[in-house]
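File shown: upload_22.cif (mmCIF, C-alpha atoms).
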```
data_work
loop_
_atom_site.label_atom_id
_atom_site.label_comp_id
_atom_site.auth_asym_id
_atom_site.auth_seq_id
_atom_site.Cartn_x
_atom_site.Cartn_y
_atom_site.Cartn_z
CA MET B 964 139.85 101.89 112.02
CA ILE B 965 138.11 100.84 115.24
CA ILE B 966 135.23 103.27 114.55
CA ILE B 967 134.90 101.99 110.97
CA LEU B 968 134.90 98.38 112.18
CA ILE B 969 132.26 99.13 114.83
CA SER B 970 130.13 100.95 112.24
CA ILE B 971 130.29 97.97 109.83
CA ILE B 972 129.34 95.55 112.62
CA SER B 973 126.41 97.84 113.55
CA LEU B 974 125.16 97.89 109.95
CA ILE B 975 125.30 94.10 109.83
CA LEU B 976 123.39 93.89 113.12
CA ALA B 977 120.72 96.26 111.78
CA PHE B 978 120.31 94.23 108.58
CA ILE B 979 119.92 90.94 110.45
CA GLY B 980 117.11 92.38 112.54
CA VAL B 981 118.61 93.83 115.73
CA PRO B 982 116.25 96.64 116.86
CA LEU B 983 117.31 100.02 115.50
CA PHE B 984 117.18 101.72 118.91
CA ALA B 985 119.64 99.13 120.30
CA VAL B 986 122.06 99.67 117.41
CA LEU B 987 121.95 103.49 117.62
CA GLY B 988 122.06 103.62 121.42
CA GLY B 989 124.92 101.11 121.51
CA LEU B 990 126.87 103.11 118.90
CA ALA B 991 126.43 106.32 120.89
CA ILE B 992 127.66 104.74 124.13
CA VAL B 993 130.67 103.01 122.52
CA PHE B 994 131.74 106.08 120.53
CA PHE B 995 131.49 108.41 123.52
CA LEU B 996 133.53 105.96 125.61
CA LEU B 997 136.18 105.74 122.88
CA SER B 998 136.32 109.54 122.78
CA GLY B 999 136.79 109.75 126.54
CA ILE B 1000 133.50 111.60 127.03
CA ASP B 1001 131.10 110.73 129.85
CA ILE B 1002 128.18 108.70 128.49
CA SER B 1003 125.75 111.02 130.28
CA ALA B 1004 126.05 112.98 127.02
CA VAL B 1005 123.79 110.34 125.48
CA VAL B 1006 120.81 111.41 127.59
CA ILE B 1007 121.30 115.18 127.36
CA GLU B 1008 119.37 115.42 124.09
CA MET B 1009 116.74 113.02 125.43
CA ALA B 1010 116.10 115.36 128.34
CA ARG B 1011 115.84 118.35 125.99
CA ILE B 1012 113.36 116.67 123.69
CA ALA B 1013 111.31 115.29 126.60
CA VAL B 1014 110.32 118.79 127.71
CA SER B 1015 109.42 119.93 124.19
CA PRO B 1016 105.73 120.88 124.01
CA VAL B 1017 105.63 119.50 120.46
CA LEU B 1018 106.33 115.95 121.67
CA ILE B 1019 102.75 115.51 122.92
CA THR B 1020 101.40 115.95 119.39
CA ILE B 1021 102.71 112.56 118.24
CA PRO B 1022 100.75 110.30 120.66
CA LEU B 1023 97.61 112.45 120.43
CA PHE B 1024 97.45 112.58 116.62
CA THR B 1025 98.33 108.87 116.49
CA PHE B 1026 95.50 108.09 118.91
CA ALA B 1027 93.04 110.13 116.82
CA GLY B 1028 94.16 108.31 113.66
CA TYR B 1029 93.70 104.90 115.27
CA LEU B 1030 90.24 105.88 116.52
CA MET B 1031 89.19 106.84 113.02
CA ALA B 1032 90.77 103.71 111.53
CA GLU B 1033 88.83 101.45 113.90
CA SER B 1034 85.52 103.26 113.42
CA GLY B 1035 83.24 103.70 110.42
CA THR B 1036 85.14 106.79 109.27
CA PRO B 1037 86.81 105.10 106.24
CA ARG B 1038 83.45 103.86 104.93
CA ARG B 1039 81.74 107.22 105.49
CA MET B 1040 84.58 109.16 103.83
CA ILE B 1041 84.59 106.81 100.82
CA ASN B 1042 80.81 107.13 100.48
CA LEU B 1043 81.03 110.92 100.65
CA VAL B 1044 83.77 111.26 98.03
CA ASN B 1045 82.08 108.62 95.87
CA SER B 1046 78.80 110.56 95.91
CA LEU B 1047 80.65 113.71 94.79
CA ILE B 1048 82.86 112.37 91.99
CA GLY B 1049 82.09 108.66 91.61
CA TRP B 1050 79.67 109.39 88.74
CA MET B 1051 82.39 110.67 86.35
CA ARG B 1052 84.84 108.61 84.31
CA GLY B 1053 87.76 107.69 86.55
CA GLY B 1054 85.71 108.83 89.52
CA VAL B 1055 86.08 105.60 91.50
CA ALA B 1056 89.88 105.71 91.11
CA ILE B 1057 89.93 109.33 92.25
CA VAL B 1058 87.76 108.32 95.21
CA ALA B 1059 90.42 105.74 96.13
CA ILE B 1060 93.20 108.32 95.86
CA VAL B 1061 91.43 111.05 97.84
CA ALA B 1062 90.16 108.68 100.55
CA SER B 1063 93.59 107.08 100.98
CA THR B 1064 95.31 110.47 101.13
CA PHE B 1065 92.89 111.69 103.81
CA PHE B 1066 93.30 108.48 105.79
CA THR B 1067 97.13 108.53 105.63
CA ALA B 1068 97.18 112.15 106.82
CA PHE B 1069 95.50 111.09 110.05
CA THR B 1070 97.07 107.66 110.61
CA GLY B 1071 100.56 108.79 109.56
CA ALA B 1072 101.34 105.48 107.86
CA THR B 1073 100.63 104.49 104.26
CA GLY B 1074 100.96 100.81 105.18
CA VAL B 1075 98.06 101.14 107.62
CA THR B 1076 95.99 102.73 104.84
CA ILE B 1077 96.64 99.80 102.51
CA ILE B 1078 95.63 97.31 105.20
CA ALA B 1079 92.57 99.26 106.38
CA LEU B 1080 91.16 100.47 103.04
CA GLY B 1081 92.85 98.19 100.52
CA GLY B 1082 90.21 95.46 100.39
CA LEU B 1083 87.29 97.87 100.07
CA LEU B 1084 88.91 100.14 97.46
CA TYR B 1085 90.33 97.24 95.43
CA THR B 1086 86.88 95.61 95.25
CA MET B 1087 85.30 98.93 94.19
CA LEU B 1088 87.81 99.30 91.35
CA ILE B 1089 87.43 95.70 90.15
CA ASN B 1090 83.64 96.08 90.16
CA GLU B 1091 84.06 99.14 87.93
CA LYS B 1092 85.98 96.95 85.44
CA TYR B 1093 89.44 98.35 86.18
CA PRO B 1094 92.18 95.86 85.25
CA GLU B 1095 93.63 93.99 88.21
CA LYS B 1096 97.11 95.46 87.68
CA THR B 1097 95.77 99.03 87.54
CA SER B 1098 93.61 98.47 90.62
CA MET B 1099 96.55 97.22 92.67
CA GLY B 1100 98.72 100.09 91.45
CA ILE B 1101 96.13 102.72 92.40
CA VAL B 1102 95.46 101.32 95.87
CA THR B 1103 99.16 100.78 96.65
CA SER B 1104 100.22 104.25 95.45
CA SER B 1105 97.26 106.41 96.35
CA GLY B 1106 97.92 107.12 100.03
CA THR B 1107 101.61 107.83 99.59
CA MET B 1108 101.41 111.61 99.69
CA GLY B 1109 98.99 111.80 102.60
CA ILE B 1110 102.07 112.34 104.77
CA LEU B 1111 102.27 115.89 103.33
CA PHE B 1112 98.91 116.96 104.77
CA PRO B 1113 98.12 117.97 108.37
CA PRO B 1114 98.16 116.43 110.91
CA SER B 1115 100.86 114.14 109.47
CA ILE B 1116 103.01 112.53 112.18
CA ALA B 1117 105.95 112.50 109.73
CA ILE B 1118 105.79 116.31 109.43
CA ILE B 1119 105.68 116.72 113.21
CA LEU B 1120 108.65 114.38 113.68
CA TYR B 1121 110.67 116.16 110.99
CA GLY B 1122 109.97 119.54 112.60
CA LEU B 1123 110.96 118.16 115.99
CA ILE B 1124 114.25 116.71 114.76
CA ALA B 1125 115.23 119.58 112.44
CA ASN B 1126 113.98 122.29 114.83
CA VAL B 1127 111.73 123.74 112.12
CA SER B 1128 108.31 125.34 112.65
CA ILE B 1129 105.71 122.59 112.40
CA SER B 1130 103.03 125.15 111.48
CA LYS B 1131 105.14 126.19 108.49
CA LEU B 1132 105.69 122.58 107.48
CA PHE B 1133 101.95 121.88 107.66
CA ILE B 1134 101.27 124.78 105.30
CA ALA B 1135 104.26 124.00 103.06
CA GLY B 1136 103.06 120.45 102.38
CA ILE B 1137 99.64 121.47 101.06
CA LEU B 1138 100.54 122.64 97.54
CA PRO B 1139 103.02 119.80 96.77
CA GLY B 1140 100.50 117.35 98.25
CA ILE B 1141 97.72 118.68 96.03
CA LEU B 1142 100.03 118.54 92.98
CA LEU B 1143 100.98 114.91 93.60
CA THR B 1144 97.39 113.88 94.35
CA LEU B 1145 96.16 115.70 91.24
CA VAL B 1146 98.76 114.07 89.00
CA LEU B 1147 97.87 110.61 90.32
CA SER B 1148 94.19 111.40 89.75
CA ILE B 1149 94.80 112.51 86.16
CA MET B 1150 96.76 109.33 85.51
CA ALA B 1151 93.99 107.23 87.05
CA PHE B 1152 91.48 109.04 84.82
CA TYR B 1153 93.38 108.11 81.66
CA GLN B 1154 93.77 104.51 82.81
CA SER B 1155 90.10 104.12 83.64
CA PRO B 1156 87.80 102.03 81.43
CA GLU B 1157 85.05 103.66 79.41
CA LEU B 1158 81.78 103.96 81.27
CA LYS B 1159 79.30 101.49 79.81
CA GLU B 1160 76.43 103.06 81.72
CA LYS B 1161 76.27 106.78 82.23
CA LYS B 1162 76.02 107.69 85.90
CA GLU B 1163 74.22 110.77 87.09
CA LEU B 1164 75.29 113.13 89.84
CA SER B 1165 72.78 112.49 92.61
CA ILE B 1166 72.04 115.35 95.00
CA ARG B 1167 70.14 112.89 97.16
CA GLN B 1168 73.20 110.62 97.49
CA ILE B 1169 75.43 113.62 98.27
CA ALA B 1170 73.02 114.81 100.94
CA LYS B 1171 72.80 111.33 102.46
CA ALA B 1172 76.59 110.82 102.50
CA THR B 1173 77.15 114.32 103.89
CA LYS B 1174 74.63 113.72 106.65
CA GLU B 1175 76.38 110.46 107.60
CA ALA B 1176 79.83 112.10 107.74
CA ILE B 1177 78.71 115.50 109.03
CA TRP B 1178 80.64 115.20 112.29
CA GLU B 1179 83.91 114.10 110.63
CA ILE B 1180 84.01 116.55 107.72
CA PRO B 1181 85.00 119.59 109.85
CA LEU B 1182 88.01 117.96 111.54
CA PRO B 1183 90.78 118.51 108.92
CA PHE B 1184 89.49 122.03 108.21
CA LEU B 1185 89.45 122.80 111.93
CA VAL B 1186 93.09 121.74 112.26
CA LEU B 1187 94.16 123.75 109.19
CA TRP B 1188 92.16 126.83 110.18
CA GLY B 1189 93.51 126.84 113.73
CA ILE B 1190 97.15 126.48 112.73
CA TYR B 1191 96.90 128.75 109.68
CA THR B 1192 95.25 131.59 111.63
CA GLY B 1193 97.44 131.11 114.69
CA LYS B 1194 94.43 130.41 116.92
CA PHE B 1195 96.23 127.41 118.37
CA THR B 1196 99.61 125.70 118.20
CA ALA B 1197 100.35 122.22 116.81
CA ALA B 1198 100.23 120.83 120.37
CA GLU B 1199 96.85 122.43 121.02
CA ALA B 1200 95.63 121.17 117.64
CA ALA B 1201 96.60 117.63 118.68
CA VAL B 1202 94.61 117.90 121.92
CA ILE B 1203 91.56 119.24 120.07
CA THR B 1204 91.82 116.55 117.35
CA ALA B 1205 92.12 113.67 119.84
CA ALA B 1206 89.26 114.97 122.01
CA TYR B 1207 87.02 115.69 119.01
CA ALA B 1208 87.67 112.27 117.44
CA ALA B 1209 87.00 110.51 120.76
CA VAL B 1210 83.70 112.30 121.36
CA VAL B 1211 82.50 111.79 117.78
CA GLU B 1212 83.46 108.11 117.41
CA ILE B 1213 82.54 106.97 120.96
CA PHE B 1214 79.51 109.06 121.90
CA ILE B 1215 77.96 110.31 118.65
CA TYR B 1216 78.52 107.56 116.08
CA LYS B 1217 79.07 104.93 118.80
CA ASP B 1218 81.40 102.98 116.50
CA ILE B 1219 83.86 102.54 119.37
CA ASN B 1220 82.77 100.79 122.54
CA PHE B 1221 84.12 102.68 125.54
CA LYS B 1222 84.90 99.57 127.61
CA LYS B 1223 85.63 96.97 124.94
CA ASP B 1224 87.34 98.83 122.07
CA LEU B 1225 88.89 101.96 123.59
CA PRO B 1226 91.54 100.24 125.77
CA ARG B 1227 92.67 98.13 122.78
CA ILE B 1228 92.93 101.20 120.54
CA ILE B 1229 94.87 103.12 123.19
CA ARG B 1230 97.31 100.21 123.56
CA ALA B 1231 97.81 99.95 119.79
CA SER B 1232 98.49 103.68 119.40
CA ILE B 1233 100.86 103.65 122.40
CA VAL B 1234 102.84 100.77 120.90
CA LEU B 1235 103.39 102.74 117.68
CA THR B 1236 104.21 105.93 119.59
CA GLY B 1237 106.52 104.08 121.95
CA GLY B 1238 108.37 102.58 119.00
CA ILE B 1239 108.93 106.07 117.57
CA PHE B 1240 110.02 107.51 120.92
CA ILE B 1241 112.51 104.77 121.80
CA ILE B 1242 114.20 105.11 118.39
CA LEU B 1243 114.10 108.90 118.76
CA GLY B 1244 115.78 108.80 122.18
CA ALA B 1245 118.55 106.44 121.05
CA ALA B 1246 119.12 108.35 117.80
CA LEU B 1247 119.43 111.69 119.58
CA GLY B 1248 122.24 110.29 121.73
CA PHE B 1249 124.03 109.15 118.57
CA THR B 1250 123.36 112.52 116.92
CA ASN B 1251 124.94 114.25 119.91
CA TYR B 1252 128.15 112.34 119.22
CA LEU B 1253 128.08 113.23 115.50
CA ILE B 1254 127.66 116.91 116.29
CA ASP B 1255 130.39 116.76 118.95
CA GLN B 1256 132.75 115.31 116.34
CA GLN B 1257 131.62 117.88 113.73
CA VAL B 1258 130.59 115.13 111.31
CA PRO B 1259 127.97 117.27 109.46
CA MET B 1260 130.55 120.01 108.85
CA LYS B 1261 133.10 117.47 107.62
CA MET B 1262 130.45 116.01 105.33
CA PHE B 1263 129.70 119.49 103.98
CA GLU B 1264 133.38 120.18 103.31
CA TRP B 1265 133.73 116.86 101.47
CA ILE B 1266 130.55 117.43 99.45
CA LYS B 1267 131.56 121.02 98.66
CA SER B 1268 135.00 119.94 97.41
CA ASN B 1269 133.61 117.01 95.39
CA ILE B 1270 130.22 118.34 94.30
CA GLY B 1271 130.12 122.06 95.05
CA ASN B 1272 126.94 122.68 93.05
CA LYS B 1273 123.63 123.02 94.88
CA PHE B 1274 121.60 121.40 92.10
CA VAL B 1275 123.91 118.39 91.83
CA PHE B 1276 123.70 118.05 95.62
CA LEU B 1277 119.91 117.95 95.39
CA VAL B 1278 120.07 115.19 92.75
CA MET B 1279 122.38 113.15 94.97
CA LEU B 1280 120.13 113.85 97.96
CA ASN B 1281 117.07 112.58 96.07
CA ILE B 1282 118.82 109.36 95.08
CA PHE B 1283 120.09 108.83 98.62
CA LEU B 1284 116.68 109.45 100.21
CA LEU B 1285 114.90 107.14 97.76
CA ILE B 1286 117.29 104.37 98.81
CA VAL B 1287 116.76 105.21 102.49
CA GLY B 1288 112.98 105.23 101.93
CA CYS B 1289 113.23 101.69 100.51
CA LEU B 1290 115.23 100.33 103.41
CA MET B 1291 113.75 102.07 106.46
CA ASP B 1292 110.33 103.10 107.72
CA ILE B 1293 109.73 106.83 107.39
CA PHE B 1294 109.94 107.59 111.12
CA SER B 1295 113.30 105.86 111.56
CA ALA B 1296 114.63 107.45 108.36
CA ILE B 1297 113.73 110.96 109.56
CA ILE B 1298 115.26 110.39 112.98
CA VAL B 1299 118.51 108.94 111.64
CA VAL B 1300 119.12 110.96 108.46
CA VAL B 1301 117.80 114.47 109.15
CA PRO B 1302 120.47 115.43 111.75
CA LEU B 1303 123.17 114.56 109.23
CA ILE B 1304 121.73 116.12 106.10
CA ALA B 1305 119.96 119.24 107.44
CA PRO B 1306 123.16 121.16 108.39
CA VAL B 1307 124.77 120.27 105.05
CA ALA B 1308 121.71 121.44 103.09
CA GLN B 1309 121.58 124.66 105.12
CA ASN B 1310 125.14 125.44 104.07
CA PHE B 1311 124.01 125.11 100.45
CA GLY B 1312 121.32 127.73 101.14
CA ILE B 1313 118.38 125.33 100.97
CA ASP B 1314 115.41 126.56 103.00
CA PRO B 1315 114.84 124.13 105.93
CA VAL B 1316 111.06 124.07 105.30
CA HIS B 1317 111.59 123.28 101.62
CA LEU B 1318 114.12 120.62 102.63
CA GLY B 1319 111.50 119.04 104.87
CA ILE B 1320 109.06 118.64 101.98
CA ILE B 1321 111.84 117.19 99.79
CA PHE B 1322 112.58 114.69 102.55
CA LEU B 1323 108.96 113.62 102.94
CA VAL B 1324 108.22 113.29 99.23
CA ASN B 1325 111.38 111.22 98.71
CA LEU B 1326 110.70 108.93 101.65
CA GLY B 1327 107.06 108.49 100.60
CA ILE B 1328 108.10 107.50 97.07
CA GLY B 1329 110.78 105.23 98.54
CA TYR B 1330 107.97 103.12 100.03
CA LEU B 1331 106.94 102.29 96.43
CA THR B 1332 110.40 101.82 94.95
CA PRO B 1333 111.44 98.27 93.94
CA PRO B 1334 112.96 96.00 95.00
CA VAL B 1335 112.38 96.51 98.73
CA GLY B 1336 109.86 99.37 99.09
CA LEU B 1337 107.85 98.53 102.22
CA ASN B 1338 104.42 99.24 100.72
CA LEU B 1339 105.06 96.75 97.93
CA PHE B 1340 105.37 93.94 100.47
CA ILE B 1341 102.39 95.17 102.51
CA ALA B 1342 100.24 95.29 99.35
CA SER B 1343 101.54 91.86 98.29
CA PHE B 1344 100.38 90.48 101.65
CA ARG B 1345 97.07 92.36 101.53
CA PHE B 1346 96.11 91.31 98.00
CA ARG B 1347 97.78 87.88 98.23
CA LYS B 1348 99.74 88.46 95.05
CA PRO B 1349 103.46 87.85 94.28
CA VAL B 1350 105.48 90.97 95.04
CA ILE B 1351 106.75 91.00 91.42
CA ASN B 1352 103.14 91.73 90.37
CA LEU B 1353 103.20 94.79 92.61
CA TYR B 1354 106.47 95.98 91.05
CA ILE B 1355 104.78 95.98 87.65
CA ALA B 1356 101.55 97.53 88.98
CA VAL B 1357 103.16 100.57 90.65
CA LEU B 1358 105.77 101.39 87.98
CA PRO B 1359 103.58 103.85 85.98
CA PHE B 1360 102.56 105.64 89.19
CA LEU B 1361 106.13 105.62 90.46
CA PHE B 1362 107.29 107.25 87.22
CA VAL B 1363 104.87 110.19 87.48
CA LEU B 1364 105.64 110.63 91.18
CA LEU B 1365 109.35 110.86 90.37
CA LEU B 1366 108.59 113.53 87.76
CA CYS B 1367 106.65 115.45 90.39
CA LEU B 1368 109.59 115.05 92.77
CA ILE B 1369 111.76 116.96 90.30
CA PHE B 1370 109.30 119.88 90.38
CA VAL B 1371 109.06 119.82 94.18
CA THR B 1372 112.86 119.72 94.50
CA TYR B 1373 113.79 122.43 92.02
CA ILE B 1374 110.83 124.80 92.44
CA PRO B 1375 111.00 125.87 96.11
CA GLN B 1376 107.96 128.12 95.67
CA LEU B 1377 105.74 125.04 95.51
CA SER B 1378 106.56 124.56 99.18
CA LEU B 1379 107.05 128.18 100.23
CA LEU B 1380 104.33 130.03 98.27
CA PHE B 1381 101.63 130.04 100.96
CA ILE B 1382 104.15 130.75 103.72
CA ASN B 1383 105.50 133.81 101.91
CA LEU B 1384 102.10 134.91 100.57
CA PHE B 1385 100.44 134.97 103.99
CA ASN B 1386 103.62 135.80 105.95
CA ILE B 1387 103.21 132.76 108.21
CA LYS B 1388 105.54 132.74 111.21
#
```
What does the file become when written as structure tokens?
Amino acid sequence: MIIILISIISLILAFIGVPLFAVLGGLAIVFFLLSGIDISAVVIEMARIAVSPVLITIPLFTFAGYLMAESGTPRRMINLVNSLIGWMRGGVAIVAIVASTFFTAFTGATGVTIIALGGLLYTMLINEKYPEKTSMGIVTSSGTMGILFPPSIAIILYGLIANVSISKLFIAGILPGILLTLVLSIMAFYQSPELKEKKELSIRQIAKATKEAIWEIPLPFLVLWGIYTGKFTAAEAAVITAAYAAVVEIFIYKDINFKKDLPRIIRASIVLTGGIFIILGAALGFTNYLIDQQVPMKMFEWIKSNIGNKFVFLVMLNIFLLIVGCLMDIFSAIIVVVPLIAPVAQNFGIDPVHLGIIFLVNLGIGYLTPPVGLNLFIASFRFRKPVINLYIAVLPFLFVLLLCLIFVTYIPQLSLLFINLFNIK
């Protein structure tokens, strides 16, 4: 009864705004004390994770994403994609989707994408005579699945928490990510207005846009090639990405001033990284208690006796994760939920890599799910529209994403095809 009472009080504290790391760390300390276990157990997992070579990938990829966000990269990427497909019907909407997906993959946060690209993409769509509701829906939804593509911070964090190969997760996210991006693009095509003036594919415009972005185009392919071929690890890929982005944006394009802008960007990326790390450290202490008390195994026994069926479990998992995705940011959700669910899913025979993709797709969609999906409020602030307008705008896109979620959940080969095909270790 004491543990239940403390848990209820902690939930109330979390809902009224007490920092998540304080709630989780406090729970870990109190529960260990009640169990008669030395509270040094709280820091054991922190020490283990601190020496993990994968940990360095988070600040480095975050830094690279912030560099690109603060530079002219978004404009150059939009111009490039626009020159390639902007001439076709629905092309501008597809430009918005592709550019947002690329940007989210590097920044790791769909909310940042809406803030950074939202104004530019929204204006482009309105100028092409897209209805206001459709334009807001496209911009709000389009970057959601960027978290499935390398070098997504969410993938790295999941791999770190679940002790799953990050290289495998990077590869596993590609096909589901392409599927979801393609479905959104097809939907945007059918919602696009008829072209009043026929646009021509301009080789000159493609050449010009390619020349402008020539130093940034190779970066995602370099990361994929290195990890896919085993030439370098995820940690080495992070070092290369950060160094490459810094050289390109500071010394080649000169979008970032070394003295004026760089310290500010470093501080901003460190604040985000520090927020992730402090929650991670506190959550690991709490997770240590849960494992010590065999909570995941007890959960599995309860689920097995009450559900028993793998497919029903996956349905319940999807519903649960959509709710979690509404209420928590993706980094906190991964840190808190994965240690509980991963052992249970493993006992149902669900591949841990496939489970990771299910997690990420659910949490990404959760950002768009009314009434409290985080991206809905960010877009409401960005476009200065009532949040109810955003509910209406994203509903068609949310529906097709949920249909895709069913395929991702129940067809494991979507996640595992490339891993099995190329025997990736």
* **CA of Leu1284 in chain B to CA of Val1146 in chain B, straight-line distance in Å** =>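 Distance reported for this atom pair: 21.6 Å.
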* To do: Check which residues satisfy the PyMOL selection byres ((chain B and resi 1304) around 12) in the file shown, then give them as number ranges by chain.
  => B: 1124-1125, 1250, 1253-1254, 1258-1263, 1266, 1276-1277, 1279-1281, 1283-1284, 1296-1303, 1305-1311, 1313, 1315, 1318-1319, 1321-1322
Sorted by chain and rising residue number, list the residues of range 1102-1123 of chain B at most 12 Å from range 1201-1209 of chain B (counting only C-alpha atoms), each with its closest atom pair and distance in Å to one decimal, as CSV.
```
residue,atom,partner,partner_atom,distance
B:Pro1113,CA,B:Ala1201,CA,10.4
B:Pro1114,CA,B:Ala1201,CA,8.0
B:Ser1115,CA,B:Ala1201,CA,10.7
B:Ile1116,CA,B:Ala1201,CA,10.5
B:Ile1119,CA,B:Ala1201,CA,10.6
```
* To do: Determine the residue set returned by the PyMOL selection byres ((chain B and resi 1017-1032) around 6) for the present structure, and present it as a VMD selection string.
  => chain B and resid 1015 to 1016 1033 to 1034 1036 1069 to 1070 1198 1201 1205 1208 1232 1236
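Nearest to Gly1329 in chain B of all the residues B:Ala1231, B:Met1108, B:Ile1169, B:Ala1010 is B:Met1108, counting only C-alpha atoms.
CA of Phe1360 in chain B to CA of Ala1172 in chain B spans 29.6 Å [interatomic distance, one decimal].
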Picked residues, the PyMOL selection byres ((chain B and resi 1077) around 12), as a PDB file with C-alpha atoms, in the coordinates of the input:
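result15.pdb written:
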```
ATOM      1  CA  ALA B1032      90.770 103.710 111.530  1.00  0.00           C
ATOM      2  CA  PRO B1037      86.810 105.100 106.240  1.00  0.00           C
ATOM      3  CA  ALA B1059      90.420 105.740  96.130  1.00  0.00           C
ATOM      4  CA  ILE B1060      93.200 108.320  95.860  1.00  0.00           C
ATOM      5  CA  ALA B1062      90.160 108.680 100.550  1.00  0.00           C
ATOM      6  CA  SER B1063      93.590 107.080 100.980  1.00  0.00           C
ATOM      7  CA  THR B1064      95.310 110.470 101.130  1.00  0.00           C
ATOM      8  CA  PHE B1066      93.300 108.480 105.790  1.00  0.00           C
ATOM      9  CA  THR B1067      97.130 108.530 105.630  1.00  0.00           C
ATOM     10  CA  THR B1070      97.070 107.660 110.610  1.00  0.00           C
ATOM     11  CA  ALA B1072     101.340 105.480 107.860  1.00  0.00           C
ATOM     12  CA  THR B1073     100.630 104.490 104.260  1.00  0.00           C
ATOM     13  CA  GLY B1074     100.960 100.810 105.180  1.00  0.00           C
ATOM     14  CA  VAL B1075      98.060 101.140 107.620  1.00  0.00           C
ATOM     15  CA  THR B1076      95.990 102.730 104.840  1.00  0.00           C
ATOM     16  CA  ILE B1078      95.630  97.310 105.200  1.00  0.00           C
ATOM     17  CA  ALA B1079      92.570  99.260 106.380  1.00  0.00           C
ATOM     18  CA  LEU B1080      91.160 100.470 103.040  1.00  0.00           C
ATOM     19  CA  GLY B1081      92.850  98.190 100.520  1.00  0.00           C
ATOM     20  CA  GLY B1082      90.210  95.460 100.390  1.00  0.00           C
ATOM     21  CA  LEU B1083      87.290  97.870 100.070  1.00  0.00           C
ATOM     22  CA  LEU B1084      88.910 100.140  97.460  1.00  0.00           C
ATOM     23  CA  TYR B1085      90.330  97.240  95.430  1.00  0.00           C
ATOM     24  CA  MET B1099      96.550  97.220  92.670  1.00  0.00           C
ATOM     25  CA  GLY B1100      98.720 100.090  91.450  1.00  0.00           C
ATOM     26  CA  ILE B1101      96.130 102.720  92.400  1.00  0.00           C
ATOM     27  CA  VAL B1102      95.460 101.320  95.870  1.00  0.00           C
ATOM     28  CA  THR B1103      99.160 100.780  96.650  1.00  0.00           C
ATOM     29  CA  SER B1104     100.220 104.250  95.450  1.00  0.00           C
ATOM     30  CA  SER B1105      97.260 106.410  96.350  1.00  0.00           C
ATOM     31  CA  GLY B1106      97.920 107.120 100.030  1.00  0.00           C
ATOM     32  CA  THR B1107     101.610 107.830  99.590  1.00  0.00           C
ATOM     33  CA  LEU B1337     107.850  98.530 102.220  1.00  0.00           C
ATOM     34  CA  ASN B1338     104.420  99.240 100.720  1.00  0.00           C
ATOM     35  CA  LEU B1339     105.060  96.750  97.930  1.00  0.00           C
ATOM     36  CA  PHE B1340     105.370  93.940 100.470  1.00  0.00           C
ATOM     37  CA  ILE B1341     102.390  95.170 102.510  1.00  0.00           C
ATOM     38  CA  ALA B1342     100.240  95.290  99.350  1.00  0.00           C
ATOM     39  CA  SER B1343     101.540  91.860  98.290  1.00  0.00           C
ATOM     40  CA  PHE B1344     100.380  90.480 101.650  1.00  0.00           C
ATOM     41  CA  ARG B1345      97.070  92.360 101.530  1.00  0.00           C
ATOM     42  CA  PHE B1346      96.110  91.310  98.000  1.00  0.00           C
TER      43      PHE B1346
END
```
* **Nearby residues (all atoms listed in the file) at most 10 Å from range 1361-1366 of chain B, same-chain spacing under 3 positions excluded, as a list in words** => Gly1100, Ser1104, Thr1107, Met1108, Leu1142, Leu1143, Thr1144, Val1146, Leu1147, Met1150, Asn1281, Leu1285, Val1324, Asn1325, Gly1327, Ile1328, Gly1329, Leu1331, Thr1332, Pro1333, Tyr1354, Ala1356, Val1357, Leu1358, Ile1369, Phe1370 and Val1371 of chain B
Completion of range 1319-1326 of chain B up to N, CA and C atoms, as a PDB file, keeping the file's coordinate frame:
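Produced file out.pdb, reproduced below:
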```
ATOM      1  N   GLY B1319     112.401 119.975 104.224  1.00  0.00           N
ATOM      2  CA  GLY B1319     111.500 119.040 104.870  1.00  0.00           C
ATOM      3  C   GLY B1319     110.532 118.395 103.897  1.00  0.00           C
ATOM      4  N   ILE B1320     109.998 119.186 102.978  1.00  0.00           N
ATOM      5  CA  ILE B1320     109.060 118.640 101.980  1.00  0.00           C
ATOM      6  C   ILE B1320     109.801 117.708 101.017  1.00  0.00           C
ATOM      7  N   ILE B1321     111.028 118.076 100.640  1.00  0.00           N
ATOM      8  CA  ILE B1321     111.840 117.190  99.790  1.00  0.00           C
ATOM      9  C   ILE B1321     112.048 115.848 100.480  1.00  0.00           C
ATOM     10  N   PHE B1322     112.388 115.900 101.764  1.00  0.00           N
ATOM     11  CA  PHE B1322     112.580 114.690 102.550  1.00  0.00           C
ATOM     12  C   PHE B1322     111.336 113.807 102.505  1.00  0.00           C
ATOM     13  N   LEU B1323     110.191 114.393 102.815  1.00  0.00           N
ATOM     14  CA  LEU B1323     108.960 113.620 102.940  1.00  0.00           C
ATOM     15  C   LEU B1323     108.513 113.029 101.610  1.00  0.00           C
ATOM     16  N   VAL B1324     108.617 113.803 100.543  1.00  0.00           N
ATOM     17  CA  VAL B1324     108.220 113.290  99.230  1.00  0.00           C
ATOM     18  C   VAL B1324     109.124 112.121  98.824  1.00  0.00           C
ATOM     19  N   ASN B1325     110.432 112.289  99.033  1.00  0.00           N
ATOM     20  CA  ASN B1325     111.380 111.220  98.710  1.00  0.00           C
ATOM     21  C   ASN B1325     111.096 109.950  99.495  1.00  0.00           C
ATOM     22  N   LEU B1326     110.908 110.100 100.804  1.00  0.00           N
ATOM     23  CA  LEU B1326     110.700 108.930 101.650  1.00  0.00           C
ATOM     24  C   LEU B1326     109.366 108.251 101.321  1.00  0.00           C
TER      25      LEU B1326
END
```
